[in-house]
file coords25.cif (mmCIF, C-alpha atoms and all ligand atoms)
data_entry
loop_
_atom_site.label_atom_id
_atom_site.label_comp_id
_atom_site.auth_asym_id
_atom_site.auth_seq_id
_atom_site.Cartn_x
_atom_site.Cartn_y
_atom_site.Cartn_z
CA MET Y 11 -7.01 -15.82 -15.03
CA LEU Y 12 -5.17 -13.45 -17.36
CA ALA Y 13 -5.42 -15.96 -20.18
CA ASN Y 14 -6.70 -14.31 -23.36
CA LYS Y 15 -7.11 -10.92 -21.66
CA ARG Y 16 -6.11 -8.03 -23.88
CA ILE Y 17 -3.83 -5.45 -22.31
CA LEU Y 18 -3.01 -2.22 -24.11
CA LEU Y 19 0.34 -1.26 -22.59
CA ILE Y 20 1.35 2.38 -22.99
CA ILE Y 21 5.05 2.76 -22.23
CA GLY Y 22 5.98 6.33 -21.31
CA GLY Y 23 9.38 7.92 -21.66
CA GLY Y 24 11.22 7.31 -18.39
CA ILE Y 25 14.23 5.41 -17.16
CA ALA Y 26 11.80 2.82 -15.73
CA ALA Y 27 10.65 1.90 -19.26
CA TYR Y 28 13.05 -1.05 -19.21
CA LYS Y 29 10.97 -2.62 -16.41
CA SER Y 30 8.02 -2.75 -18.78
CA LEU Y 31 9.88 -5.39 -20.75
CA SER Y 32 9.73 -7.69 -17.70
CA LEU Y 33 6.06 -6.79 -17.30
CA ILE Y 34 5.37 -7.87 -20.88
CA ARG Y 35 7.14 -11.15 -20.18
CA LEU Y 36 5.03 -11.76 -17.07
CA LEU Y 37 1.81 -10.93 -18.90
CA LYS Y 38 2.65 -13.12 -21.86
CA GLY Y 39 3.60 -15.93 -19.49
CA ALA Y 40 0.12 -15.69 -17.96
CA GLY Y 41 -1.46 -15.98 -21.39
CA ALA Y 42 -2.44 -12.33 -21.88
CA LYS Y 43 -2.25 -10.57 -25.23
CA VAL Y 44 -0.22 -7.36 -24.97
CA THR Y 45 -0.50 -4.55 -27.50
CA PRO Y 46 2.30 -2.06 -26.86
CA VAL Y 47 2.11 1.65 -27.55
CA LEU Y 48 5.31 3.66 -27.18
CA THR Y 49 5.41 7.40 -26.65
CA ARG Y 50 8.00 9.25 -28.69
CA ALA Y 51 10.14 9.80 -25.57
CA CYS Y 52 9.90 6.10 -24.70
CA ALA Y 53 11.81 5.19 -27.82
CA GLU Y 54 14.82 6.94 -26.22
CA PHE Y 55 14.83 4.32 -23.48
CA VAL Y 56 13.72 1.06 -25.13
CA THR Y 57 13.59 0.20 -28.80
CA PRO Y 58 10.30 -0.59 -30.55
CA LEU Y 59 11.98 -3.69 -31.92
CA SER Y 60 12.72 -5.21 -28.50
CA VAL Y 61 9.22 -4.40 -27.26
CA SER Y 62 7.67 -5.89 -30.38
CA ALA Y 63 9.80 -9.02 -30.15
CA LEU Y 64 8.80 -9.62 -26.53
CA ALA Y 65 5.12 -8.86 -27.02
CA GLY Y 66 4.95 -10.76 -30.29
CA GLU Y 67 2.80 -7.92 -31.58
CA LYS Y 68 3.08 -4.85 -33.74
CA VAL Y 69 4.17 -1.83 -31.72
CA TYR Y 70 2.28 1.42 -32.20
CA THR Y 71 4.15 4.68 -31.82
CA GLU Y 72 2.58 7.44 -33.90
CA LEU Y 73 -0.93 8.52 -34.68
CA PHE Y 74 -0.25 8.07 -38.38
CA ASP Y 75 0.50 4.38 -37.72
CA LEU Y 76 -3.25 4.06 -37.65
CA THR Y 77 -4.29 6.07 -40.68
CA ASP Y 78 -4.20 3.14 -43.06
CA GLU Y 79 -7.72 1.86 -43.58
CA ALA Y 80 -6.45 -1.66 -43.07
CA GLU Y 81 -5.09 -0.73 -39.64
CA MET Y 82 -7.13 -0.57 -36.49
CA GLY Y 83 -8.31 3.01 -35.83
CA HIS Y 84 -7.25 4.61 -32.58
CA ILE Y 85 -10.76 4.49 -31.18
CA GLN Y 86 -10.95 0.79 -31.82
CA LEU Y 87 -7.42 0.16 -30.56
CA SER Y 88 -8.31 1.85 -27.28
CA ARG Y 89 -11.52 -0.09 -26.84
CA VAL Y 90 -10.75 -3.67 -27.65
CA ALA Y 91 -8.54 -3.91 -24.58
CA ASP Y 92 -9.78 -5.34 -21.28
CA LEU Y 93 -7.45 -2.93 -19.49
CA ILE Y 94 -5.12 -0.09 -20.45
CA VAL Y 95 -1.89 -0.02 -18.47
CA VAL Y 96 0.37 3.03 -18.45
CA ALA Y 97 3.86 2.08 -17.26
CA PRO Y 98 5.93 4.10 -16.71
CA GLY Y 99 3.32 6.81 -16.16
CA THR Y 100 5.41 9.96 -16.44
CA ALA Y 101 4.49 13.35 -14.97
CA ASP Y 102 3.89 14.54 -18.54
CA LEU Y 103 1.49 11.69 -19.36
CA MET Y 104 -0.39 12.26 -16.11
CA ALA Y 105 -0.69 15.97 -16.91
CA LYS Y 106 -1.97 15.23 -20.40
CA MET Y 107 -4.51 12.75 -19.09
CA ALA Y 108 -5.69 15.08 -16.32
CA GLY Y 109 -6.04 17.93 -18.82
CA GLY Y 110 -7.77 15.82 -21.47
CA ARG Y 111 -5.11 16.50 -24.11
CA ALA Y 112 -4.75 14.38 -27.24
CA ASP Y 113 -1.65 15.46 -29.10
CA ASP Y 114 0.00 12.11 -29.74
CA LEU Y 115 -1.06 8.49 -30.04
CA ALA Y 116 -0.80 7.61 -26.32
CA SER Y 117 -2.80 10.61 -25.08
CA THR Y 118 -5.33 10.23 -27.90
CA LEU Y 119 -5.93 6.60 -26.98
CA LEU Y 120 -6.30 7.52 -23.32
CA LEU Y 121 -8.87 10.18 -24.16
CA ALA Y 122 -10.77 8.02 -26.64
CA THR Y 123 -11.09 4.96 -24.44
CA ASP Y 124 -13.97 3.70 -22.37
CA THR Y 125 -11.77 0.97 -20.87
CA ARG Y 126 -10.35 1.20 -17.36
CA VAL Y 127 -6.84 2.58 -17.02
CA LEU Y 128 -4.18 1.46 -14.52
CA LEU Y 129 -1.24 3.83 -14.18
CA ALA Y 130 2.16 3.09 -12.61
CA PRO Y 131 3.70 6.50 -11.93
CA ALA Y 132 7.45 6.91 -12.28
CA MET Y 133 9.29 10.16 -11.87
CA ASN Y 134 11.76 12.11 -9.79
CA VAL Y 135 10.62 12.55 -6.16
CA ARG Y 136 10.28 16.35 -6.46
CA MET Y 137 8.23 15.97 -9.63
CA TRP Y 138 5.97 13.50 -7.82
CA GLN Y 139 5.59 15.78 -4.82
CA HIS Y 140 5.03 18.90 -6.92
CA ALA Y 141 1.63 20.49 -6.33
CA ALA Y 142 0.81 20.16 -10.04
CA THR Y 143 1.41 16.39 -10.09
CA GLN Y 144 -0.52 15.91 -6.86
CA ARG Y 145 -3.39 17.93 -8.38
CA ASN Y 146 -3.29 15.74 -11.47
CA LEU Y 147 -3.20 12.61 -9.30
CA ALA Y 148 -6.32 13.71 -7.39
CA GLN Y 149 -8.05 14.57 -10.67
CA LEU Y 150 -7.20 11.23 -12.24
CA ARG Y 151 -8.27 9.30 -9.14
CA GLY Y 152 -11.56 11.18 -9.27
CA ASP Y 153 -11.85 10.20 -12.95
CA GLY Y 154 -11.57 6.55 -11.93
CA VAL Y 155 -7.98 5.87 -12.98
CA LEU Y 156 -6.38 3.07 -10.92
CA PHE Y 157 -2.86 3.47 -9.56
CA VAL Y 158 -0.07 1.12 -8.53
CA GLY Y 159 2.88 2.73 -6.73
CA PRO Y 160 4.98 4.74 -6.87
CA ASN Y 161 7.29 3.19 -4.31
CA ASP Y 162 9.70 4.79 -1.93
CA GLY Y 163 13.33 4.16 -2.62
CA GLU Y 164 16.56 5.23 -4.21
CA MET Y 165 15.93 6.70 -7.65
CA ALA Y 166 18.04 6.56 -10.79
CA CYS Y 167 18.76 10.28 -10.26
CA GLY Y 168 20.28 9.54 -6.83
CA GLU Y 169 17.47 11.05 -4.72
CA PHE Y 170 15.43 9.05 -2.21
CA GLY Y 171 11.68 9.11 -1.75
CA PRO Y 172 8.41 8.29 -3.51
CA GLY Y 173 8.62 8.21 -7.30
CA ARG Y 174 10.14 4.84 -8.19
CA MET Y 175 7.91 2.84 -10.47
CA ALA Y 176 6.30 -0.21 -8.87
CA GLU Y 177 8.12 -3.45 -9.69
CA PRO Y 178 6.83 -5.49 -12.66
CA GLU Y 179 5.50 -8.17 -10.26
CA GLU Y 180 3.47 -5.52 -8.40
CA ILE Y 181 2.07 -4.07 -11.61
CA PHE Y 182 1.22 -7.58 -12.72
CA ALA Y 183 -0.59 -8.20 -9.42
CA ALA Y 184 -2.47 -4.90 -9.79
CA ILE Y 185 -3.51 -5.88 -13.30
CA ALA Y 186 -4.80 -9.20 -11.97
CA VAL Y 187 -6.75 -7.35 -9.26
CA ALA Y 188 -8.16 -4.85 -11.77
CA LEU Y 189 -9.35 -7.79 -13.86
CA GLY Y 190 -10.95 -9.35 -10.78
CA GLY Y 191 -8.43 -12.00 -9.81
CA GLY Y 192 -5.80 -10.95 -7.26
CA VAL Y 193 -4.26 -13.71 -5.13
CA LEU Y 194 -6.27 -12.42 -2.16
CA ALA Y 195 -9.54 -11.97 -4.11
CA GLY Y 196 -12.45 -13.04 -1.93
CA LYS Y 197 -10.42 -12.79 1.29
CA HIS Y 198 -11.26 -10.40 4.10
CA VAL Y 199 -8.31 -9.04 6.06
CA LEU Y 200 -8.58 -6.85 9.13
CA VAL Y 201 -5.76 -4.38 9.80
CA THR Y 202 -5.37 -2.18 12.89
CA SER Y 203 -3.10 0.82 12.70
CA GLY Y 204 -1.97 4.04 14.35
CA PRO Y 205 -1.83 5.07 17.99
CA THR Y 206 -4.74 5.27 20.38
CA HIS Y 207 -5.55 8.39 22.36
CA GLU Y 208 -6.61 7.89 25.95
CA PRO Y 209 -8.34 10.98 27.38
CA ILE Y 210 -7.15 12.64 30.58
CA ASP Y 211 -9.97 15.15 30.36
CA PRO Y 212 -11.96 16.62 27.43
CA VAL Y 213 -8.92 18.51 26.09
CA ARG Y 214 -5.92 16.34 27.00
CA TYR Y 215 -4.93 12.81 26.18
CA ILE Y 216 -2.13 10.24 26.45
CA ALA Y 217 -0.72 9.05 23.13
CA ASN Y 218 2.39 7.55 21.57
CA ARG Y 219 4.62 8.32 18.60
CA SER Y 220 3.08 5.89 16.12
CA SER Y 221 2.38 7.60 12.78
CA GLY Y 222 0.33 4.72 11.35
CA ALA Y 223 2.70 4.52 8.36
CA GLN Y 224 3.44 0.79 8.61
CA GLY Y 225 -0.18 -0.26 9.18
CA THR Y 226 -1.35 1.97 6.33
CA ALA Y 227 1.24 0.48 3.97
CA ILE Y 228 0.16 -3.04 4.97
CA ALA Y 229 -3.50 -2.28 4.31
CA ALA Y 230 -2.59 -0.87 0.88
CA ALA Y 231 -0.41 -3.87 0.02
CA LEU Y 232 -3.18 -6.33 0.98
CA ARG Y 233 -5.67 -4.31 -1.07
CA ASP Y 234 -3.25 -4.42 -4.01
CA LEU Y 235 -3.34 -8.22 -3.88
CA GLY Y 236 -7.14 -8.13 -4.11
CA ALA Y 237 -8.15 -8.50 -0.46
CA ARG Y 238 -11.18 -6.79 0.99
CA VAL Y 239 -9.56 -4.81 3.80
CA THR Y 240 -11.17 -3.40 6.93
CA PHE Y 241 -8.80 -0.78 8.28
CA VAL Y 242 -9.39 0.14 11.93
CA THR Y 243 -7.25 3.15 12.68
CA GLY Y 244 -6.49 5.35 15.65
CA PRO Y 245 -5.66 9.03 15.10
CA ALA Y 246 -2.72 8.48 12.73
CA THR Y 247 -0.70 11.21 11.05
CA VAL Y 248 -0.54 9.54 7.62
CA PRO Y 249 -3.77 9.45 5.59
CA ALA Y 250 -5.72 6.18 5.35
CA PRO Y 251 -5.31 4.32 2.04
CA ASP Y 252 -7.92 4.45 -0.74
CA GLY Y 253 -9.97 1.41 -1.57
CA VAL Y 254 -10.29 -0.01 1.96
CA ALA Y 255 -13.13 0.21 4.49
CA VAL Y 256 -11.87 2.72 7.06
CA VAL Y 257 -13.15 2.64 10.65
CA ARG Y 258 -11.80 5.55 12.71
CA VAL Y 259 -11.45 5.16 16.46
CA GLU Y 260 -9.74 7.05 19.23
CA THR Y 261 -9.34 4.86 22.30
CA ALA Y 262 -8.29 1.24 22.83
CA ALA Y 263 -11.81 0.40 23.98
CA GLU Y 264 -13.24 1.80 20.75
CA MET Y 265 -10.63 -0.10 18.75
CA LEU Y 266 -11.60 -3.37 20.43
CA ALA Y 267 -15.27 -2.79 19.66
CA ALA Y 268 -14.49 -1.94 16.02
CA VAL Y 269 -12.29 -5.00 15.64
CA GLU Y 270 -14.91 -7.34 17.08
CA ALA Y 271 -17.55 -5.80 14.81
CA ALA Y 272 -15.32 -6.36 11.76
CA LEU Y 273 -14.89 -10.10 12.35
CA PRO Y 274 -15.02 -12.68 10.86
CA ALA Y 275 -11.91 -12.26 8.75
CA ASP Y 276 -9.53 -14.63 7.00
CA ALA Y 277 -6.54 -12.85 8.54
CA ALA Y 278 -5.90 -10.05 11.01
CA VAL Y 279 -2.82 -7.84 11.15
CA MET Y 280 -2.65 -5.88 14.38
CA ALA Y 281 -0.18 -3.10 13.65
CA ALA Y 282 -1.75 -0.52 15.96
CA ALA Y 283 0.31 0.89 18.82
CA VAL Y 284 -2.42 0.47 21.40
CA ALA Y 285 -2.00 2.37 24.67
CA ASP Y 286 -1.54 -0.16 27.46
CA TRP Y 287 -3.33 1.98 29.99
CA ARG Y 288 -6.22 4.38 30.12
CA VAL Y 289 -6.82 7.07 32.73
CA ALA Y 290 -9.20 5.63 35.30
CA ASN Y 291 -10.02 9.01 36.81
CA ALA Y 292 -10.29 10.98 33.55
CA GLY Y 293 -12.02 14.32 34.13
CA VAL Y 294 -15.44 15.00 32.69
CA GLN Y 295 -14.49 18.70 32.71
CA LYS Y 296 -11.08 20.20 31.98
CA MET Y 297 -8.81 19.63 35.00
CA LYS Y 298 -7.81 22.94 36.59
CA LYS Y 299 -4.70 23.89 38.53
CA ASP Y 300 -5.54 24.03 42.23
CA GLY Y 301 -2.79 26.45 43.26
CA SER Y 302 -0.83 23.80 45.17
CA GLY Y 303 1.87 23.63 42.48
CA ARG Y 304 1.28 19.87 42.16
CA ALA Y 305 -0.18 18.09 39.17
CA PRO Y 306 -3.35 16.07 39.80
CA ALA Y 307 -2.55 12.40 40.37
CA LEU Y 308 -3.71 10.24 37.48
CA GLU Y 309 -4.78 6.68 38.11
CA PHE Y 310 -4.62 4.07 35.36
CA ASP Y 311 -6.53 0.96 34.37
CA GLU Y 312 -5.05 -1.57 31.98
CA ASN Y 313 -6.61 -1.55 28.52
CA PRO Y 314 -7.95 -4.76 27.00
CA ASP Y 315 -5.36 -6.57 24.89
CA ILE Y 316 -7.04 -6.55 21.50
CA LEU Y 317 -4.55 -8.91 19.87
CA ALA Y 318 -4.84 -11.48 22.67
CA ARG Y 319 -8.64 -11.29 22.58
CA VAL Y 320 -8.75 -11.79 18.81
CA SER Y 321 -6.24 -14.66 19.01
CA ARG Y 322 -8.25 -16.47 21.64
CA GLY Y 323 -11.74 -15.41 20.61
CA GLN Y 324 -14.46 -17.56 19.04
CA ASN Y 325 -14.19 -15.68 15.75
CA ARG Y 326 -10.44 -16.17 15.48
CA PRO Y 327 -9.17 -15.47 11.94
CA GLY Y 328 -7.19 -18.30 10.36
CA LEU Y 329 -4.03 -16.21 10.55
CA VAL Y 330 -3.37 -13.64 13.28
CA VAL Y 331 -0.33 -11.40 12.97
CA GLY Y 332 0.79 -9.17 15.82
CA PHE Y 333 3.52 -6.57 16.08
CA ALA Y 334 6.03 -6.12 18.84
CA ALA Y 335 7.54 -2.74 19.44
CA GLU Y 336 10.59 -3.31 21.60
CA THR Y 337 13.56 -1.25 22.67
CA GLU Y 338 15.86 -4.07 23.89
CA THR Y 339 16.37 -7.86 23.43
CA VAL Y 340 13.88 -7.62 20.59
CA VAL Y 341 13.63 -11.26 19.49
CA GLU Y 342 13.39 -12.69 23.01
CA HIS Y 343 10.70 -10.23 24.07
CA ALA Y 344 8.79 -10.62 20.83
CA SER Y 345 8.92 -14.44 20.90
CA ALA Y 346 7.55 -14.42 24.43
CA LYS Y 347 4.87 -11.94 23.34
CA ARG Y 348 3.78 -14.25 20.50
CA LEU Y 349 3.18 -17.11 22.90
CA ARG Y 350 1.58 -14.90 25.55
CA LYS Y 351 -0.84 -13.33 23.09
CA GLY Y 352 -1.58 -16.51 21.14
CA CYS Y 353 -1.00 -15.07 17.66
CA ASP Y 354 0.56 -17.00 14.76
CA TRP Y 355 3.21 -14.50 13.72
CA ILE Y 356 4.82 -11.52 15.35
CA VAL Y 357 6.51 -8.80 13.35
CA ALA Y 358 9.12 -7.51 15.77
CA ASN Y 359 10.87 -4.19 15.46
CA ASP Y 360 13.30 -2.16 17.47
CA VAL Y 361 11.73 1.21 18.16
CA SER Y 362 14.59 2.72 20.20
CA PRO Y 363 14.95 6.38 19.20
CA ALA Y 364 18.36 5.67 17.62
CA THR Y 365 16.75 3.46 14.95
CA GLY Y 366 14.51 6.31 13.70
CA ILE Y 367 11.84 3.69 12.93
CA MET Y 368 8.92 5.14 14.85
CA GLY Y 369 7.60 7.96 12.67
CA GLY Y 370 10.29 7.24 10.01
CA ARG Y 371 10.04 5.89 6.45
CA GLU Y 372 12.00 2.69 6.97
CA ASN Y 373 11.65 -0.37 9.12
CA ALA Y 374 13.88 -3.28 10.09
CA VAL Y 375 11.79 -6.23 11.24
CA THR Y 376 12.10 -9.83 12.32
CA LEU Y 377 9.23 -12.15 11.45
CA ILE Y 378 8.68 -14.62 14.27
CA SER Y 379 6.57 -17.70 13.70
CA ASP Y 380 6.51 -21.39 14.65
CA ALA Y 381 9.36 -21.80 12.18
CA GLY Y 382 11.63 -19.44 14.15
CA ALA Y 383 12.90 -15.88 13.70
CA GLU Y 384 13.54 -14.54 10.21
CA VAL Y 385 15.51 -11.29 10.07
CA TRP Y 386 14.50 -9.01 7.18
CA PRO Y 387 16.92 -6.35 5.97
CA ARG Y 388 16.13 -2.71 6.68
CA MET Y 389 13.86 -1.42 3.92
CA ALA Y 390 11.14 1.13 3.20
CA LYS Y 391 7.93 0.55 5.17
CA ASP Y 392 5.99 -0.05 1.96
CA ALA Y 393 8.49 -2.75 0.96
CA VAL Y 394 8.03 -4.44 4.37
CA ALA Y 395 4.29 -4.21 3.79
CA ARG Y 396 4.43 -5.84 0.35
CA ARG Y 397 6.61 -8.65 1.58
CA LEU Y 398 4.32 -9.29 4.53
CA ALA Y 399 1.23 -9.16 2.29
CA GLU Y 400 2.79 -11.74 -0.02
CA ARG Y 401 3.60 -13.98 2.93
CA ILE Y 402 0.04 -13.65 4.19
CA ALA Y 403 -1.30 -14.52 0.72
CA ALA Y 404 0.95 -17.58 0.56
CA ALA Y 405 -0.11 -18.71 4.03
CA LEU Y 406 -3.82 -18.32 3.25
CA GLN Y 407 -3.43 -20.21 -0.01
CA ALA Y 408 -1.64 -23.05 1.76
CA ARG Y 409 -4.57 -23.53 4.15
N1 LIG S 501 -1.86 -4.79 21.37
C1 LIG S 501 -3.22 -4.87 21.45
N2 LIG S 501 -3.86 -4.36 22.52
C2 LIG S 501 -3.17 -3.78 23.53
C3 LIG S 501 -1.76 -3.69 23.45
C4 LIG S 501 -1.13 -4.20 22.33
O1 LIG S 501 -3.86 -5.40 20.55
N3 LIG S 501 -3.82 -3.29 24.57
C5 LIG S 501 -1.20 -5.40 20.21
C6 LIG S 501 -0.48 -4.45 19.26
O2 LIG S 501 -1.36 -4.02 18.22
C7 LIG S 501 0.64 -5.31 18.73
C8 LIG S 501 0.94 -6.24 19.90
O3 LIG S 501 -0.22 -6.24 20.71
O4 LIG S 501 0.22 -6.11 17.65
C9 LIG S 501 2.12 -5.90 20.72
O5 LIG S 501 2.10 -4.57 21.12
P1 LIG S 501 3.23 -4.00 22.07
O6 LIG S 501 2.88 -2.59 22.42
O7 LIG S 501 4.57 -4.29 21.49
O8 LIG S 501 3.07 -4.98 23.31
P2 LIG S 501 2.48 -4.78 24.73
O9 LIG S 501 1.20 -5.50 24.81
O10 LIG S 501 2.46 -3.35 25.07
O11 LIG S 501 3.53 -5.58 25.61
P3 LIG S 501 4.72 -5.00 26.52
O12 LIG S 501 4.05 -4.14 27.53
O13 LIG S 501 5.33 -6.24 27.08
O14 LIG S 501 5.65 -4.28 25.61
#

call {"tool": "encode", "arguments": {"input": "coords25.cif", "output": "structure tokens", "more": "lines below"}}
Ligand code: CTP
result
Amino acid sequence: MLANKRILLIIGGGIAAYKSLSLIRLLKGAGAKVTPVLTRACAEFVTPLSVSALAGEKVYTELFDLTDEAEMGHIQLSRVADLIVVAPGTADLMAKMAGGRADDLASTLLLATDTRVLLAPAMNVRMWQHAATQRNLAQLRGDGVLFVGPNDGEMACGEFGPGRMAEPEEIFAAIAVALGGGVLAGKHVLVTSGPTHEPIDPVRYIANRSSGAQGTAIAAALRDLGARVTFVTGPATVPAPDGVAVVRVETAAEMLAAVEAALPADAAVMAAAVADWRVANAGVQKMKKDGSGRAPALEFDENPDILARVSRGQNRPGLVVGFAAETETVVEHASAKRLRKGCDWIVANDVSPATGIMGGRENAVTLISDAGAEVWPRMAKDAVARRLAERIAAALQAR
């Protein structure tokens, strides 16, 4: 699907520039034609010669490369491409793009183009989190620039957090999606995420500690592989991802209704931490103290089990993935849960406070299926999400 597509690859000056060499190899392997443009700073990290040798093309570095009448002008160079990819997209390149500057070849091409641009940010975590970069990000998103990453993880500078450039395989997948052919193109995947809030009265509710981080990362990873994602979310603390259909709910009953309305789907991933019970005698008005010194007695009804209903319903997706939040004998409990709820896979995790998983950035999961229990190493939640999305894609393709 990438055969004969023309990619203009702008390689910015960052330590991640070396990963762009693998990206070129992947693109060439898929039959794409890659025209590399190196910023001046990039040449400090990779040599034009190695880039040119891999791409099998002339490498452009300076504006005056293009002044020869026989050469392609920069306007033309920027427009013959099917997609412009900026990787690594440094803070400086993002700032230039957001400000509309054109003071070197890369920024001039980016300003002159009418082709879509996909940017893979790569920078130190503080630079990424800086208000200026976040402003530029919002501006560029508004301008229609596509993004892949950055990922969470250990950085070359020794700090940990968002800022690592997406891996070449992920950028490759994002390029395929941008050109209309991700591995999950044409597939509809339903994802539930976040906690539910069960009202006690109009001002109070029962909730749990789920932040929605894992479900959000899964929805984003599925989107990045080209899936159409319906994201049904309770009141999570992390923002919903871009580029997915977001349905916001509060209670388990509302989540069930939203899930049923979203079907049919090719796959469903139920990552929400649904409250097991709702208050049967919830107050219509705010409950008042009655002077007795005793709290009003709450009565509970069990909530519908959304995962079990989807797994056994008429509209059952081809692949149903549940989660199991456990605090002890994780694999045994989760394996039993898989059978009880009728789903295909269960992603089990230990949410005891000591693990720091609930509300944290990392997760350590075991994937339980017919084939048994597969222990995954502890990794960032977005890495768990990408791995799961790839497994889902492989399973749907095998069907
Ligand atoms: N789930 C659901 N509806 C519910 C409760 C849970 O769809 N009412 C789903 C969750 O989204 C998750 C899976 O079921 O995918 C397991 O959730 P978990 O809270 O671990 O299980 P419980 O059903 O609460 O089971 P237990 O009480 O045995 O822990």

call {"tool": "residues_near_ligand", "arguments": {"input": "coords25.cif", "ligand": "ligand LIG 501 (chain S)", "cutoff": "7 Å", "atoms": "all atoms listed in the file", "output": "short mmCIF file (atom, residue, chain, number, x, y, z; two decimals) with C-alpha atoms, in the frame of the given file"}}
result
data_model
loop_
_atom_site.label_atom_id
_atom_site.label_comp_id
_atom_site.auth_asym_id
_atom_site.auth_seq_id
_atom_site.Cartn_x
_atom_site.Cartn_y
_atom_site.Cartn_z
CA THR Y 202 -5.37 -2.18 12.89
CA ALA Y 262 -8.29 1.24 22.83
CA MET Y 280 -2.65 -5.88 14.38
CA ALA Y 281 -0.18 -3.10 13.65
CA ALA Y 282 -1.75 -0.52 15.96
CA ALA Y 283 0.31 0.89 18.82
CA VAL Y 284 -2.42 0.47 21.40
CA ALA Y 285 -2.00 2.37 24.67
CA ASP Y 286 -1.54 -0.16 27.46
CA ASN Y 313 -6.61 -1.55 28.52
CA PRO Y 314 -7.95 -4.76 27.00
CA ASP Y 315 -5.36 -6.57 24.89
CA ILE Y 316 -7.04 -6.55 21.50
CA LEU Y 317 -4.55 -8.91 19.87
CA ALA Y 318 -4.84 -11.48 22.67
CA GLY Y 332 0.79 -9.17 15.82
CA PHE Y 333 3.52 -6.57 16.08
CA ALA Y 334 6.03 -6.12 18.84
CA ALA Y 335 7.54 -2.74 19.44
CA GLU Y 336 10.59 -3.31 21.60
CA LYS Y 347 4.87 -11.94 23.34
#

call {"tool": "residues_around", "arguments": {"input": "coords25.cif", "residues": "region 379-395 of chain Y", "least_positions_apart": "2", "cutoff": "10 Å", "atoms": "only C-alpha atoms", "output": "PyMOL selection string"}}
result
chain Y and resi 159+161-163+171+223-232+331+341-342+344-345+348-349+353-358+367+370-377+397-401

call {"tool": "residues_around", "arguments": {"input": "coords25.cif", "residues": "Leu200 (chain Y)", "least_positions_apart": "6", "cutoff": "8 Å", "atoms": "all atoms listed in the file", "output": "number ranges by chain"}}
result
Y: 239-242, 269, 272-273, 275, 277-280

call {"tool": "residues_around", "arguments": {"input": "coords25.cif", "residues": "Val61 (chain Y)", "least_positions_apart": "4", "cutoff": "12 Å", "atoms": "all atoms listed in the file", "output": "ChimeraX atom specification"}}
result
/Y:19-21,27-35,44-48,52-53,55-57,65-71

call {"tool": "atom_distance", "arguments": {"input": "coords25.cif", "atom1": "CA of Pro327 (chain Y)", "atom2": "CA of Val199 (chain Y)"}}
result
8.8 Å

call {"tool": "residues_around", "arguments": {"input": "coords25.cif", "residues": "region 108-116 of chain Y", "least_positions_apart": "3", "cutoff": "7 Å", "atoms": "all atoms listed in the file", "output": "list in words"}}
result
Ile20, Val47, Thr49, Thr71, Glu72, Leu73, Met104, Ala105, Leu119, Leu120, Leu121, Asn146, Gln149 and Leu150 of chain Y

call {"tool": "residues_around", "arguments": {"input": "coords25.cif", "residues": "region 182-192 of chain Y", "least_positions_apart": "5", "cutoff": "7 Å", "atoms": "all atoms listed in the file", "output": "number ranges by chain"}}
result
Y: 11-12, 33, 158, 234-236

call {"tool": "build_atoms", "arguments": {"input": "coords25.cif", "residues": "region 58-67 of chain Y", "atoms": "N, CA and C atoms", "output": "mmCIF file, in the coordinates of the input"}}
result
data_model
loop_
_atom_site.group_PDB
_atom_site.id
_atom_site.type_symbol
_atom_site.label_atom_id
_atom_site.label_comp_id
_atom_site.auth_asym_id
_atom_site.auth_seq_id
_atom_site.Cartn_x
_atom_site.Cartn_y
_atom_site.Cartn_z
ATOM 1 N N PRO Y 58 11.550 0.043 -30.121
ATOM 2 C CA PRO Y 58 10.300 -0.590 -30.550
ATOM 3 C C PRO Y 58 10.519 -2.052 -30.931
ATOM 4 N N LEU Y 59 11.710 -2.326 -31.469
ATOM 5 C CA LEU Y 59 11.980 -3.690 -31.920
ATOM 6 C C LEU Y 59 11.993 -4.669 -30.748
ATOM 7 N N SER Y 60 12.660 -4.270 -29.630
ATOM 8 C CA SER Y 60 12.720 -5.210 -28.500
ATOM 9 C C SER Y 60 11.336 -5.380 -27.881
ATOM 10 N N VAL Y 61 10.567 -4.296 -27.833
ATOM 11 C CA VAL Y 61 9.220 -4.400 -27.260
ATOM 12 C C VAL Y 61 8.370 -5.310 -28.139
ATOM 13 N N SER Y 62 8.464 -5.099 -29.439
ATOM 14 C CA SER Y 62 7.670 -5.890 -30.380
ATOM 15 C C SER Y 62 8.042 -7.365 -30.302
ATOM 16 N N ALA Y 63 9.347 -7.631 -30.188
ATOM 17 C CA ALA Y 63 9.800 -9.020 -30.150
ATOM 18 C C ALA Y 63 9.262 -9.722 -28.903
ATOM 19 N N LEU Y 64 9.288 -9.008 -27.768
ATOM 20 C CA LEU Y 64 8.800 -9.620 -26.530
ATOM 21 C C LEU Y 64 7.293 -9.808 -26.552
ATOM 22 N N ALA Y 65 6.587 -8.793 -27.039
ATOM 23 C CA ALA Y 65 5.120 -8.860 -27.020
ATOM 24 C C ALA Y 65 4.607 -9.781 -28.121
ATOM 25 N N GLY Y 66 5.423 -9.959 -29.154
ATOM 26 C CA GLY Y 66 4.950 -10.760 -30.290
ATOM 27 C C GLY Y 66 3.843 -10.053 -31.029
ATOM 28 N N GLU Y 67 3.865 -8.730 -30.964
ATOM 29 C CA GLU Y 67 2.800 -7.920 -31.580
ATOM 30 C C GLU Y 67 3.422 -6.719 -32.260
#
